[in-house]
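Content type PDB, C-alpha atoms, from the file final_5.pdb:
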ATOM      1  CA  MET N   1      20.918 -97.104 -68.779
ATOM      2  CA  SER N   2      23.678 -95.117 -67.048
ATOM      3  CA  TYR N   3      26.858 -96.831 -65.940
ATOM      4  CA  GLU N   4      27.162 -97.885 -62.290
ATOM      5  CA  PRO N   5      30.595 -99.177 -61.207
ATOM      6  CA  PRO N   6      30.484-102.620 -59.538
ATOM      7  CA  PHE N   7      30.898-101.958 -55.827
ATOM      8  CA  VAL N   8      29.542-103.366 -52.568
ATOM      9  CA  ARG N   9      30.019-101.471 -49.329
ATOM     10  CA  THR N  10      31.623-103.476 -46.538
ATOM     11  CA  ALA N  11      31.795-102.967 -42.786
ATOM     12  CA  LYS N  12      35.515-102.262 -43.144
ATOM     13  CA  ILE N  13      34.866 -99.543 -45.738
ATOM     14  CA  ASP N  14      32.231 -97.931 -43.505
ATOM     15  CA  ALA N  15      34.591 -98.059 -40.538
ATOM     16  CA  LEU N  16      37.470 -96.496 -42.495
ATOM     17  CA  CYS N  17      35.179 -93.730 -43.766
ATOM     18  CA  MET N  18      34.210 -92.945 -40.185
ATOM     19  CA  GLU N  19      37.854 -92.766 -39.077
ATOM     20  CA  ILE N  20      38.747 -90.481 -41.981
ATOM     21  CA  ALA N  21      35.767 -88.216 -41.287
ATOM     22  CA  GLU N  22      36.931 -87.851 -37.681
ATOM     23  CA  LEU N  23      40.469 -87.047 -38.784
ATOM     24  CA  VAL N  24      39.396 -84.548 -41.423
ATOM     25  CA  GLY N  25      37.229 -82.854 -38.813
ATOM     26  CA  MET N  26      40.394 -82.321 -36.758
ATOM     27  CA  LEU N  27      42.146 -80.545 -39.648
ATOM     28  CA  SER N  28      40.937 -77.073 -38.785
ATOM     29  CA  PRO N  29      41.794 -74.004 -40.918
ATOM     30  CA  GLU N  30      44.471 -73.165 -38.353
ATOM     31  CA  THR N  31      46.484 -76.383 -38.669
ATOM     32  CA  PRO N  32      49.829 -76.249 -40.502
ATOM     33  CA  LEU N  33      48.473 -78.560 -43.195
ATOM     34  CA  ALA N  34      45.881 -75.915 -44.015
ATOM     35  CA  LYS N  35      47.942 -72.721 -43.824
ATOM     36  CA  SER N  36      51.710 -73.328 -43.900
ATOM     37  CA  PRO N  37      53.282 -72.547 -47.321
ATOM     38  CA  LYS N  38      56.528 -74.134 -46.165
ATOM     39  CA  LEU N  39      54.765 -77.393 -45.269
ATOM     40  CA  HIS N  40      52.810 -77.293 -48.531
ATOM     41  CA  ARG N  41      56.058 -77.095 -50.484
ATOM     42  CA  GLU N  42      57.650 -79.939 -48.527
ATOM     43  CA  LEU N  43      54.615 -82.182 -48.960
ATOM     44  CA  ARG N  44      54.268 -81.430 -52.667
ATOM     45  CA  ILE N  45      57.894 -82.449 -53.166
ATOM     46  CA  LYS N  46      57.308 -85.695 -51.264
ATOM     47  CA  THR N  47      54.151 -86.336 -53.290
ATOM     48  CA  ILE N  48      55.864 -85.831 -56.650
ATOM     49  CA  HIS N  49      58.920 -87.840 -55.647
ATOM     50  CA  SER N  50      56.796 -90.742 -54.356
ATOM     51  CA  SER N  51      54.407 -90.857 -57.306
ATOM     52  CA  LEU N  52      57.248 -90.853 -59.838
ATOM     53  CA  LEU N  53      59.256 -93.356 -57.820
ATOM     54  CA  ILE N  54      56.347 -95.779 -58.202
ATOM     55  CA  GLU N  55      56.772 -95.394 -61.969
ATOM     56  CA  GLY N  56      60.518 -96.103 -61.885
ATOM     57  CA  ASN N  57      61.997 -92.609 -61.655
ATOM     58  CA  LYS N  58      65.517 -92.884 -60.188
ATOM     59  CA  LEU N  59      65.977 -89.389 -58.753
ATOM     60  CA  ASP N  60      66.117 -89.012 -54.982
ATOM     61  CA  GLU N  61      64.177 -86.452 -52.993
ATOM     62  CA  ASN N  62      67.084 -84.001 -52.866
ATOM     63  CA  ALA N  63      67.310 -84.000 -56.651
ATOM     64  CA  VAL N  64      63.543 -83.517 -56.954
ATOM     65  CA  THR N  65      63.778 -80.564 -54.563
ATOM     66  CA  ALA N  66      66.572 -79.000 -56.604
ATOM     67  CA  ILE N  67      64.633 -79.373 -59.865
ATOM     68  CA  ILE N  68      61.533 -77.775 -58.360
ATOM     69  CA  ASP N  69      63.765 -74.928 -57.131
ATOM     70  CA  GLY N  70      64.966 -74.428 -60.718
ATOM     71  CA  LYS N  71      68.477 -75.713 -60.101
ATOM     72  CA  HIS N  72      70.553 -77.831 -62.467
ATOM     73  CA  VAL N  73      70.970 -81.460 -61.435
ATOM     74  CA  LEU N  74      72.803 -84.431 -62.874
ATOM     75  CA  GLY N  75      70.587 -87.304 -63.896
ATOM     76  CA  ASP N  76      68.705 -88.986 -66.678
ATOM     77  CA  SER N  77      67.032 -86.339 -68.850
ATOM     78  CA  ARG N  78      63.742 -88.272 -68.902
ATOM     79  CA  ASP N  79      63.681 -88.508 -65.095
ATOM     80  CA  ILE N  80      64.301 -84.763 -64.849
ATOM     81  CA  LEU N  81      61.527 -83.986 -67.338
ATOM     82  CA  GLU N  82      59.129 -86.220 -65.408
ATOM     83  CA  VAL N  83      59.699 -84.104 -62.289
ATOM     84  CA  GLU N  84      59.295 -80.807 -64.154
ATOM     85  CA  ASN N  85      56.076 -82.019 -65.765
ATOM     86  CA  ALA N  86      54.657 -83.383 -62.510
ATOM     87  CA  ARG N  87      55.291 -80.069 -60.760
ATOM     88  CA  ARG N  88      53.368 -78.220 -63.470
ATOM     89  CA  ALA N  89      50.561 -80.795 -63.384
ATOM     90  CA  TYR N  90      50.090 -80.581 -59.596
ATOM     91  CA  ASP N  91      50.153 -76.783 -59.845
ATOM     92  CA  LEU N  92      46.995 -77.078 -61.968
ATOM     93  CA  ILE N  93      44.943 -78.598 -59.124
ATOM     94  CA  PRO N  94      43.287 -75.301 -58.071
ATOM     95  CA  ILE N  95      41.913 -74.668 -61.584
ATOM     96  CA  LEU N  96      41.067 -78.160 -62.839
ATOM     97  CA  ASP N  97      37.440 -79.285 -63.029
ATOM     98  CA  PRO N  98      37.370 -82.816 -61.555
ATOM     99  CA  TYR N  99      34.313 -83.680 -63.680
ATOM    100  CA  SER N 100      35.757 -82.539 -67.021
ATOM    101  CA  ILE N 101      37.322 -85.000 -69.456
ATOM    102  CA  ASP N 102      38.910 -82.070 -71.272
ATOM    103  CA  ASP N 103      40.667 -81.091 -68.043
ATOM    104  CA  LEU N 104      41.781 -84.702 -67.526
ATOM    105  CA  LEU N 105      43.371 -84.628 -70.981
ATOM    106  CA  LYS N 106      44.975 -81.287 -70.122
ATOM    107  CA  ALA N 107      46.436 -82.735 -66.924
ATOM    108  CA  HIS N 108      47.773 -85.772 -68.798
ATOM    109  CA  ARG N 109      49.266 -83.566 -71.509
ATOM    110  CA  THR N 110      51.025 -81.508 -68.857
ATOM    111  CA  MET N 111      52.207 -84.611 -67.001
ATOM    112  CA  MET N 112      53.485 -86.474 -70.079
ATOM    113  CA  GLU N 113      54.567 -83.729 -72.524
ATOM    114  CA  GLY N 114      57.820 -84.731 -74.212
ATOM    115  CA  LEU N 115      57.599 -88.234 -72.718
ATOM    116  CA  VAL N 116      55.011 -89.928 -74.963
ATOM    117  CA  SER N 117      53.718 -89.104 -78.412
ATOM    118  CA  GLU N 118      50.062 -89.242 -77.344
ATOM    119  CA  ALA N 119      50.313 -86.834 -74.407
ATOM    120  CA  GLY N 120      46.873 -85.371 -73.780
ATOM    121  CA  ARG N 121      45.075 -87.926 -75.949
ATOM    122  CA  PHE N 122      43.425 -91.236 -75.217
ATOM    123  CA  ARG N 123      45.507 -94.102 -76.550
ATOM    124  CA  SER N 124      45.048 -95.310 -80.097
ATOM    125  CA  SER N 125      46.188 -98.890 -79.514
ATOM    126  CA  ASN N 126      45.581-101.652 -77.008
ATOM    127  CA  VAL N 127      47.847-101.917 -73.953
ATOM    128  CA  GLY N 128      48.655-104.406 -71.248
ATOM    129  CA  VAL N 129      50.378-104.180 -67.895
ATOM    130  CA  PHE N 130      53.132-106.775 -67.567
ATOM    131  CA  ASP N 131      55.113-108.209 -64.686
ATOM    132  CA  GLY N 132      58.142-109.376 -66.636
ATOM    133  CA  ASP N 133      56.664-111.438 -69.467
ATOM    134  CA  VAL N 134      53.385-112.107 -67.652
ATOM    135  CA  LEU N 135      50.313-110.044 -68.547
ATOM    136  CA  ILE N 136      48.685-108.933 -65.291
ATOM    137  CA  HIS N 137      46.110-106.510 -66.732
ATOM    138  CA  ALA N 138      44.713-105.783 -70.193
ATOM    139  CA  GLY N 139      43.272-102.296 -70.480
ATOM    140  CA  THR N 140      39.964-101.524 -72.155
ATOM    141  CA  PRO N 141      40.262-101.968 -75.950
ATOM    142  CA  ALA N 142      41.330 -98.631 -77.425
ATOM    143  CA  THR N 143      38.193 -98.310 -79.573
ATOM    144  CA  TYR N 144      36.005 -98.199 -76.467
ATOM    145  CA  VAL N 145      38.160 -95.975 -74.235
ATOM    146  CA  PRO N 146      36.449 -92.618 -75.042
ATOM    147  CA  ASP N 147      32.969 -94.022 -74.379
ATOM    148  CA  VAL N 148      34.066 -95.817 -71.212
ATOM    149  CA  MET N 149      35.689 -92.657 -69.834
ATOM    150  CA  CYS N 150      32.541 -90.654 -70.651
ATOM    151  CA  ASP N 151      30.500 -93.202 -68.695
ATOM    152  CA  ILE N 152      32.871 -93.058 -65.702
ATOM    153  CA  PHE N 153      32.860 -89.252 -65.620
ATOM    154  CA  GLU N 154      29.086 -89.104 -65.964
ATOM    155  CA  TRP N 155      28.772 -91.470 -62.998
ATOM    156  CA  LEU N 156      31.281 -89.404 -60.997
ATOM    157  CA  LYS N 157      29.340 -86.221 -61.719
ATOM    158  CA  THR N 158      25.930 -87.633 -60.780
ATOM    159  CA  THR N 159      26.580 -90.210 -58.039
ATOM    160  CA  SER N 160      25.006 -89.667 -54.632
ATOM    161  CA  LEU N 161      27.934 -91.343 -52.897
ATOM    162  CA  HIS N 162      30.059 -89.207 -50.604
ATOM    163  CA  PRO N 163      33.061 -87.660 -52.460
ATOM    164  CA  LEU N 164      35.501 -89.587 -50.262
ATOM    165  CA  LEU N 165      34.112 -92.918 -51.391
ATOM    166  CA  ALA N 166      33.406 -91.838 -54.975
ATOM    167  CA  SER N 167      37.021 -90.704 -55.381
ATOM    168  CA  CYS N 168      38.323 -94.151 -54.419
ATOM    169  CA  ILE N 169      35.962 -95.960 -56.773
ATOM    170  CA  PHE N 170      36.895 -93.563 -59.576
ATOM    171  CA  HIS N 171      40.592 -94.254 -58.961
ATOM    172  CA  PHE N 172      40.036 -97.966 -59.526
ATOM    173  CA  GLU N 173      37.783 -97.472 -62.562
ATOM    174  CA  PHE N 174      40.378 -95.157 -64.115
ATOM    175  CA  GLU N 175      43.249 -97.582 -63.621
ATOM    176  CA  PHE N 176      41.106-100.504 -64.809
ATOM    177  CA  CYS N 177      40.301 -98.694 -68.058
ATOM    178  CA  HIS N 178      43.952 -97.581 -68.473
ATOM    179  CA  PRO N 179      42.943 -94.828 -70.908
ATOM    180  CA  PHE N 180      46.423 -93.569 -71.862
ATOM    181  CA  ALA N 181      49.394 -95.150 -73.573
ATOM    182  CA  ASP N 182      51.522 -94.208 -70.539
ATOM    183  CA  GLY N 183      51.178 -92.108 -67.393
ATOM    184  CA  ASN N 184      47.990 -93.758 -66.120
ATOM    185  CA  GLY N 185      49.291 -94.346 -62.595
ATOM    186  CA  ARG N 186      50.633 -90.850 -61.949
ATOM    187  CA  THR N 187      47.622 -89.182 -63.609
ATOM    188  CA  GLY N 188      45.140 -91.338 -61.690
ATOM    189  CA  ARG N 189      46.800 -90.500 -58.380
ATOM    190  CA  LEU N 190      46.807 -86.775 -59.217
ATOM    191  CA  TRP N 191      43.106 -86.924 -60.111
ATOM    192  CA  HIS N 192      42.315 -88.669 -56.843
ATOM    193  CA  THR N 193      44.055 -85.848 -54.962
ATOM    194  CA  LEU N 194      42.054 -83.350 -57.019
ATOM    195  CA  LEU N 195      38.782 -85.051 -56.062
ATOM    196  CA  LEU N 196      39.710 -85.127 -52.383
ATOM    197  CA  SER N 197      40.628 -81.432 -52.518
ATOM    198  CA  ARG N 198      37.151 -80.584 -53.802
ATOM    199  CA  TRP N 199      35.685 -82.295 -50.734
ATOM    200  CA  ARG N 200      38.092 -80.529 -48.362
ATOM    201  CA  PRO N 201      40.661 -78.069 -49.811
ATOM    202  CA  VAL N 202      43.233 -78.996 -47.143
ATOM    203  CA  LEU N 203      43.454 -82.495 -48.640
ATOM    204  CA  ALA N 204      45.178 -81.085 -51.728
ATOM    205  CA  TRP N 205      48.391 -81.298 -49.683
ATOM    206  CA  LEU N 206      47.834 -84.690 -48.052
ATOM    207  CA  PRO N 207      50.753 -86.953 -49.105
ATOM    208  CA  VAL N 208      48.662 -90.022 -49.965
ATOM    209  CA  GLU N 209      51.071 -90.882 -52.779
ATOM    210  CA  ARG N 210      53.864 -91.264 -50.240
ATOM    211  CA  VAL N 211      51.876 -93.871 -48.299
ATOM    212  CA  ILE N 212      51.037 -95.692 -51.540
ATOM    213  CA  ARG N 213      54.723 -95.762 -52.439
ATOM    214  CA  GLN N 214      55.536 -97.318 -49.070
ATOM    215  CA  ARG N 215      52.956-100.043 -49.832
ATOM    216  CA  GLN N 216      53.536-100.272 -53.555
ATOM    217  CA  SER N 217      53.336-104.035 -53.790
ATOM    218  CA  GLU N 218      49.993-104.067 -51.973
ATOM    219  CA  TYR N 219      48.759-101.248 -54.242
ATOM    220  CA  TYR N 220      49.189-103.471 -57.292
ATOM    221  CA  THR N 221      47.943-106.549 -55.465
ATOM    222  CA  MET N 222      44.664-104.846 -54.545
ATOM    223  CA  LEU N 223      44.228-103.529 -58.083
ATOM    224  CA  ALA N 224      44.649-107.084 -59.356
ATOM    225  CA  LYS N 225      42.363-108.534 -56.662
ATOM    226  CA  SER N 226      39.589-106.076 -57.493
ATOM    227  CA  GLU N 227      39.955-106.853 -61.170
ATOM    228  CA  ALA N 228      39.781-110.590 -60.451
ATOM    229  CA  ILE N 229      36.489-110.328 -58.539
ATOM    230  CA  GLY N 230      35.041-107.687 -60.857
ATOM    231  CA  SER N 231      34.386-105.195 -58.055
ATOM    232  CA  SER N 232      36.487-102.476 -56.458
ATOM    233  CA  GLU N 233      36.128-103.225 -52.714
ATOM    234  CA  PRO N 234      39.698-104.544 -52.086
ATOM    235  CA  PHE N 235      41.248-101.525 -53.801
ATOM    236  CA  VAL N 236      38.870 -99.075 -52.097
ATOM    237  CA  GLU N 237      39.732-100.519 -48.679
ATOM    238  CA  PHE N 238      43.444-100.167 -49.450
ATOM    239  CA  ILE N 239      43.135 -96.564 -50.640
ATOM    240  CA  LEU N 240      40.981 -95.559 -47.679
ATOM    241  CA  GLU N 241      43.647 -96.970 -45.354
ATOM    242  CA  ALA N 242      46.271 -94.925 -47.221
ATOM    243  CA  ILE N 243      44.206 -91.734 -46.873
ATOM    244  CA  ARG N 244      43.630 -92.385 -43.169
ATOM    245  CA  ASP N 245      47.299 -93.062 -42.483
ATOM    246  CA  ALA N 246      48.389 -90.008 -44.492
ATOM    247  CA  ALA N 247      46.068 -87.814 -42.421
ATOM    248  CA  LEU N 248      47.010 -89.196 -39.005
ATOM    249  CA  PRO N 249      50.219 -87.134 -38.480
ATOM    250  CA  PHE N 250      48.371 -83.880 -39.140
ATOM    251  CA  ALA N 251      45.516 -84.247 -36.661
ATOM    252  CA  LYS N 252      45.746 -81.354 -34.221
ATOM    253  CA  PRO N 253      47.329 -81.923 -30.780
ATOM    254  CA  GLY N 254      44.851 -82.750 -28.055
ATOM    255  CA  SER N 255      42.618 -84.768 -30.344
ATOM    256  CA  GLU N 256      43.964 -88.166 -29.306
ATOM    257  CA  ARG N 257      40.908 -88.921 -27.179
ATOM    258  CA  SER N 258      38.575 -88.113 -30.074
ATOM    259  CA  LEU N 259      40.603 -90.309 -32.373
ATOM    260  CA  THR N 260      40.511 -93.185 -29.880
ATOM    261  CA  LYS N 261      36.732 -92.877 -29.730
ATOM    262  CA  ALA N 262      36.576 -92.873 -33.533
ATOM    263  CA  ARG N 263      38.686 -96.012 -33.650
ATOM    264  CA  THR N 264      36.394 -97.611 -31.067
ATOM    265  CA  LEU N 265      33.305 -96.814 -33.109
ATOM    266  CA  ALA N 266      35.002 -98.075 -36.257
ATOM    267  CA  PHE N 267      35.957-101.296 -34.462
ATOM    268  CA  PHE N 268      32.385-102.014 -33.443
ATOM    269  CA  VAL N 269      31.081-101.192 -36.916
ATOM    270  CA  GLU N 270      33.413-103.797 -38.376
ATOM    271  CA  HIS N 271      33.040-106.195 -35.414
ATOM    272  CA  PRO N 272      29.551-105.742 -33.900
ATOM    273  CA  ASN N 273      30.037-108.979 -31.956
ATOM    274  CA  GLY N 274      33.387-107.843 -30.571
ATOM    275  CA  ASN N 275      34.048-107.706 -26.834
ATOM    276  CA  ILE N 276      35.977-105.359 -24.559
ATOM    277  CA  THR N 277      39.067-107.579 -24.482
ATOM    278  CA  GLN N 278      39.267-107.572 -28.278
ATOM    279  CA  LEU N 279      38.724-103.815 -28.327
ATOM    280  CA  ALA N 280      41.573-103.294 -25.856
ATOM    281  CA  GLU N 281      43.870-105.351 -28.086
ATOM    282  CA  HIS N 282      42.789-103.317 -31.110
ATOM    283  CA  LEU N 283      43.441-100.005 -29.352
ATOM    284  CA  GLY N 284      46.626-101.181 -27.642
ATOM    285  CA  CYS N 285      45.360-100.209 -24.193
ATOM    286  CA  SER N 286      44.289-101.908 -20.969
ATOM    287  CA  LYS N 287      40.889-103.529 -20.596
ATOM    288  CA  ARG N 288      39.955-100.937 -17.968
ATOM    289  CA  SER N 289      40.803 -98.078 -20.374
ATOM    290  CA  ALA N 290      38.694 -99.712 -23.072
ATOM    291  CA  GLU N 291      35.791-100.026 -20.631
ATOM    292  CA  ARG N 292      36.036 -96.291 -19.816
ATOM    293  CA  ILE N 293      35.992 -95.363 -23.513
ATOM    294  CA  VAL N 294      32.931 -97.529 -24.138
ATOM    295  CA  ALA N 295      31.199 -96.039 -21.097
ATOM    296  CA  GLU N 296      31.853 -92.498 -22.372
ATOM    297  CA  LEU N 297      30.481 -93.363 -25.798
ATOM    298  CA  LYS N 298      27.362 -94.888 -24.260
ATOM    299  CA  ASP N 299      26.835 -91.752 -22.158
ATOM    300  CA  GLU N 300      27.189 -89.630 -25.310
ATOM    301  CA  GLY N 301      24.575 -91.714 -27.093
ATOM    302  CA  ALA N 302      27.059 -92.805 -29.742
ATOM    303  CA  ILE N 303      26.854 -96.519 -28.998
ATOM    304  CA  GLU N 304      24.472 -98.962 -27.365
ATOM    305  CA  ARG N 305      24.269-102.667 -26.626
ATOM    306  CA  LYS N 306      21.466-104.655 -28.236
ATOM    307  CA  GLY N 307      20.719-108.045 -26.694
ATOM    308  CA  SER N 308      22.406-109.846 -23.830
ATOM    309  CA  SER N 309      25.951-109.254 -22.649
ATOM    310  CA  ARG N 310      26.961-112.664 -23.984
ATOM    311  CA  ALA N 311      25.009-112.948 -27.256
ATOM    312  CA  GLY N 312      24.205-109.336 -28.092
ATOM    313  CA  VAL N 313      25.755-106.902 -30.575
ATOM    314  CA  TRP N 314      27.027-103.336 -30.465
ATOM    315  CA  ILE N 315      25.032-100.715 -32.356
ATOM    316  CA  VAL N 316      26.919 -97.589 -33.404
ATOM    317  CA  LEU N 317      24.838 -94.442 -33.813
ATOM    318  CA  GLN N 318      27.023 -91.420 -34.359
ATOM    319  CA  ASP N 319      26.255 -87.820 -35.297
ATOM    320  CA  VAL N 320      29.254 -86.733 -37.371
ATOM    321  CA  GLU N 321      28.074 -83.236 -38.256
ATOM    322  CA  LYS N 322      30.127 -81.512 -35.567
ATOM    323  CA  ARG N 323      33.350 -83.175 -36.672
ATOM    324  CA  THR N 324      33.022 -83.059 -40.463
ATOM    325  CA  GLY N 325      30.745 -80.133 -41.236
ATOM    326  CA  GLU N 326      28.636 -82.494 -43.376
ATOM    327  CA  ARG N 327      24.870 -82.225 -43.266
ATOM    328  CA  LYS N 328      23.407 -84.109 -40.337
ATOM    329  CA  SER N 329      23.128 -87.850 -40.834
ATOM    330  CA  TYR N 330      23.668 -90.929 -38.730
ATOM    331  CA  PHE N 331      25.926 -93.908 -38.917
ATOM    332  CA  SER N 332      25.025 -97.286 -37.509
ATOM    333  CA  THR N 333      25.491-100.960 -38.163
ATOM    334  CA  GLU N 334      21.855-101.029 -39.258
ATOM    335  CA  ARG N 335      21.835 -97.818 -41.311
ATOM    336  CA  THR N 336      25.205 -97.093 -42.861
ATOM    337  CA  ASP N 337      24.556 -94.083 -45.055
ATOM    338  CA  TRP N 338      26.207 -91.339 -43.005
ATOM    339  CA  TYR N 339      28.469 -90.185 -45.831
ATOM    340  CA  LYS N 340      25.750 -89.723 -48.451
TER
END
Now that the file is in, can you turn its structure into structure tokens?
Amino acid sequence: MSYEPPFVRTAKIDALCMEIAELVGMLSPETPLAKSPKLHRELRIKTIHSSLLIEGNKLDENAVTAIIDGKHVLGDSRDILEVENARRAYDLIPILDPYSIDDLLKAHRTMMEGLVSEAGRFRSSNVGVFDGDVLIHAGTPATYVPDVMCDIFEWLKTTSLHPLLASCIFHFEFEFCHPFADGNGRTGRLWHTLLLSRWRPVLAWLPVERVIRQRQSEYYTMLAKSEAIGSSEPFVEFILEAIRDAALPFAKPGSERSLTKARTLAFFVEHPNGNITQLAEHLGCSKRSAERIVAELKDEGAIERKGSSRAGVWIVLQDVEKRTGERKSYFSTERTDWYK
């Protein structure tokens, strides 16, 4: 029987997926995130700096910039090598196969060359993640790592889940297995970016790692929480929030109304019993503005009220094809498979 990662979709996950789909639909081929080499360089530097900072690298962003520009900098030789390796690893994104274990090993070898003896190989001994002297996670026993990774990659290759959601689940499964002696965090985050880029190429430049760095404590907390319950929902919710918040600054000007509508739909997916006052608080607008947004969505056929005004619920029915370019499907509180 093929492996199926433990995972239960939640209303919050569905709502976040809808918000991200709306945002990605706003990232047209003409936006700077899609076509500006200067912005790409700046964001790649921020990504590398943030991902390595999570792992304890002490170099600041100016030093990382100088290293990527080929300049000599003063600093710990290991920190400098980490930056040089990460730059080469991220440069591989256009040619890596996200469903190939051999390419994963290649990426790890590039990322960790000269830093660990087993660069590019699954670990040969057991490992644990410690907070001081306290063990907070024991990785999969080394003997089973190759088979477990084969199972995870086979699932990733064959799952019918939308790539956005599959990438988040994979990220957790990868970190839970902890397949390498070192470099699991930075390699897992790179692979997540690779998976997102195969859904939408523009997402190769999205600085998700920077958002994760800003919420580093929560990142580890949600990993631990998912491990404790034996299912990835807490971590998936966290990562989806990071992707959404990384994308927000790059949505094209003039799309604020569309984004507000997306947030409204997401609110009612997560809170079908919610009322206009609660929606206004969620959006940070007046009650009258919230009423106008709901009225527009009802006129567009995106939302309807089922039951009485006091005891009824909101039903969200949204065609996302125009915004995402995905094949036509529908999203509602009764049928939540729009991203399949």
Give me, as a tab-separated table, each residue of segment 121-184 of chain N that comes within 9 Å of segment 83-101 of chain N, together with its shortest interatomic pair and the distance in Å at one decimal, counting all atoms listed in the file, with rows ordered by chain and rising residue number.
residue	atom	partner	partner_atom	distance
N:Met149	CA	N:Ile101	CA	7.8
N:Cys150	CA	N:Ile101	CA	7.5
N:Phe153	CA	N:Tyr99	CA	6.1
N:Glu154	CA	N:Tyr99	CA	7.9
N:Leu156	CA	N:Tyr99	CA	7.0
N:Lys157	CA	N:Tyr99	CA	5.9
task: Output the residue selection produced by the PyMOL selection byres ((chain N and resi 166) around 12) on the file above, formatted as a ChimeraX atom specification.
output: /N:4-5,7,9,17,98-99,152-153,155-165,167-174,192,195-196,198-199,232-233,236,239-240,339-340
Might you spell out which residues the PyMOL selection byres ((chain N and resi 77) around 12) would select in the displayed file, as a tab-separated table (two decimals) with C-alpha atoms, in the coordinates of the input?
chain	number	residue	atom	x	y	z
N	57	ASN	CA	62.00	-92.61	-61.66
N	58	LYS	CA	65.52	-92.88	-60.19
N	59	LEU	CA	65.98	-89.39	-58.75
N	67	ILE	CA	64.63	-79.37	-59.86
N	72	HIS	CA	70.55	-77.83	-62.47
N	73	VAL	CA	70.97	-81.46	-61.44
N	74	LEU	CA	72.80	-84.43	-62.87
N	75	GLY	CA	70.59	-87.30	-63.90
N	76	ASP	CA	68.70	-88.99	-66.68
N	78	ARG	CA	63.74	-88.27	-68.90
N	79	ASP	CA	63.68	-88.51	-65.10
N	80	ILE	CA	64.30	-84.76	-64.85
N	81	LEU	CA	61.53	-83.99	-67.34
N	82	GLU	CA	59.13	-86.22	-65.41
N	83	VAL	CA	59.70	-84.10	-62.29
N	84	GLU	CA	59.30	-80.81	-64.15
N	114	GLY	CA	57.82	-84.73	-74.21
N	115	LEU	CA	57.60	-88.23	-72.72
query: With only C-alpha atoms as the atoms that count, which of N:Arg292, N:His271, N:Arg210, N:Lys38 lies nearest to Ala246 of chain N?
result: N:Arg210
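In terms of minimum interatomic distance to Pro37 of chain N, N:Val202 ranks closest within N:Leu52, N:Leu194, N:Val202, N:Val208, counting only C-alpha atoms.
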- request: Pick out the closest residue to His178 of chain N from this set: N:Gly307, N:Leu279, N:Phe238, N:Arg123. Count only C-alpha atoms.
  value: N:Arg123
Residue with smallest distance to Pro29 of chain N - pool N:Ala290, N:Ala251, N:Ile68, N:Leu297, counting all atoms listed in the file: N:Ala251
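What separates atom CA of Gly312 of chain N from atom CA of Asn273 of chain N is a distance of 7.0 Å.
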task: Determine the residue membership of the PyMOL selection byres ((chain N and resi 301-306) around 8) for the file above and supply it as a PyMOL selection string.
output: chain N and resi 265+294+297-300+307-309+312-319
Atom CA of Phe268 of chain N to atom CA of Leu283 of chain N, straight-line distance in Å: 12.0 Å
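One finds atom CA of Gly70 of chain N at 17.7 Å from atom CA of Thr47 of chain N.
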task: Name the residues in contact with Glu175 of chain N at a cut-off of 8 Å, using all atoms listed in the file, excluding same-chain residues fewer than 5 positions from it; report them as a count of residues only.
output: 3
Nearest-residue call for Glu270 of chain N, choices N:Leu223, N:Phe235, N:Glu296, N:His282, using all atoms listed in the file: N:His282
message: Applying 10 Å and only C-alpha atoms, which residues near Gln216 of chain N remain after dropping the ones on its own chain fewer than 6 positions away? List them as a ChimeraX atom specification.
response: /N:53-54,209-210
Listing only residues of segment 213-247 of chain N within 10 Å of segment 19-24 of chain N, what is the closest atom pair and its distance in Å (to one decimal) for each, using only C-alpha atoms, sorted by chain and residue number ascending, as CSV?
residue,atom,partner,partner_atom,distance
N:Leu240,CA,N:Ile20,CA,8.0
N:Glu241,CA,N:Ile20,CA,8.8
N:Ile243,CA,N:Ile20,CA,7.4
N:Arg244,CA,N:Ile20,CA,5.4
N:Asp245,CA,N:Ile20,CA,8.9
N:Ala246,CA,N:Ile20,CA,10.0
N:Ala247,CA,N:Leu23,CA,6.7
message: I'd like to know which of N:Phe250, N:Phe122, N:Tyr144, N:Phe267 is closest to Trp205 of chain N, using all atoms listed in the file.
response: N:Phe250
Residues within 10 Å of (45.6, -76.2, -42.0), file coordinates, counting all atoms listed in the file: what are they? Give the list as a PDB file with C-alpha atoms, keeping the file's coordinate frame.
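Saved file part.pdb follows:
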ATOM      1  CA  MET N  26      40.394 -82.321 -36.758  1.00  0.00           C
ATOM      2  CA  LEU N  27      42.146 -80.545 -39.648  1.00  0.00           C
ATOM      3  CA  SER N  28      40.937 -77.073 -38.785  1.00  0.00           C
ATOM      4  CA  PRO N  29      41.794 -74.004 -40.918  1.00  0.00           C
ATOM      5  CA  GLU N  30      44.471 -73.165 -38.353  1.00  0.00           C
ATOM      6  CA  THR N  31      46.484 -76.383 -38.669  1.00  0.00           C
ATOM      7  CA  PRO N  32      49.829 -76.249 -40.502  1.00  0.00           C
ATOM      8  CA  LEU N  33      48.473 -78.560 -43.195  1.00  0.00           C
ATOM      9  CA  ALA N  34      45.881 -75.915 -44.015  1.00  0.00           C
ATOM     10  CA  LYS N  35      47.942 -72.721 -43.824  1.00  0.00           C
ATOM     11  CA  SER N  36      51.710 -73.328 -43.900  1.00  0.00           C
ATOM     12  CA  LEU N  39      54.765 -77.393 -45.269  1.00  0.00           C
ATOM     13  CA  HIS N  40      52.810 -77.293 -48.531  1.00  0.00           C
ATOM     14  CA  PRO N 201      40.661 -78.069 -49.811  1.00  0.00           C
ATOM     15  CA  VAL N 202      43.233 -78.996 -47.143  1.00  0.00           C
ATOM     16  CA  LEU N 203      43.454 -82.495 -48.640  1.00  0.00           C
ATOM     17  CA  TRP N 205      48.391 -81.298 -49.683  1.00  0.00           C
ATOM     18  CA  PHE N 250      48.371 -83.880 -39.140  1.00  0.00           C
ATOM     19  CA  ALA N 251      45.516 -84.247 -36.661  1.00  0.00           C
ATOM     20  CA  LYS N 252      45.746 -81.354 -34.221  1.00  0.00           C
TER      21      LYS N 252
END
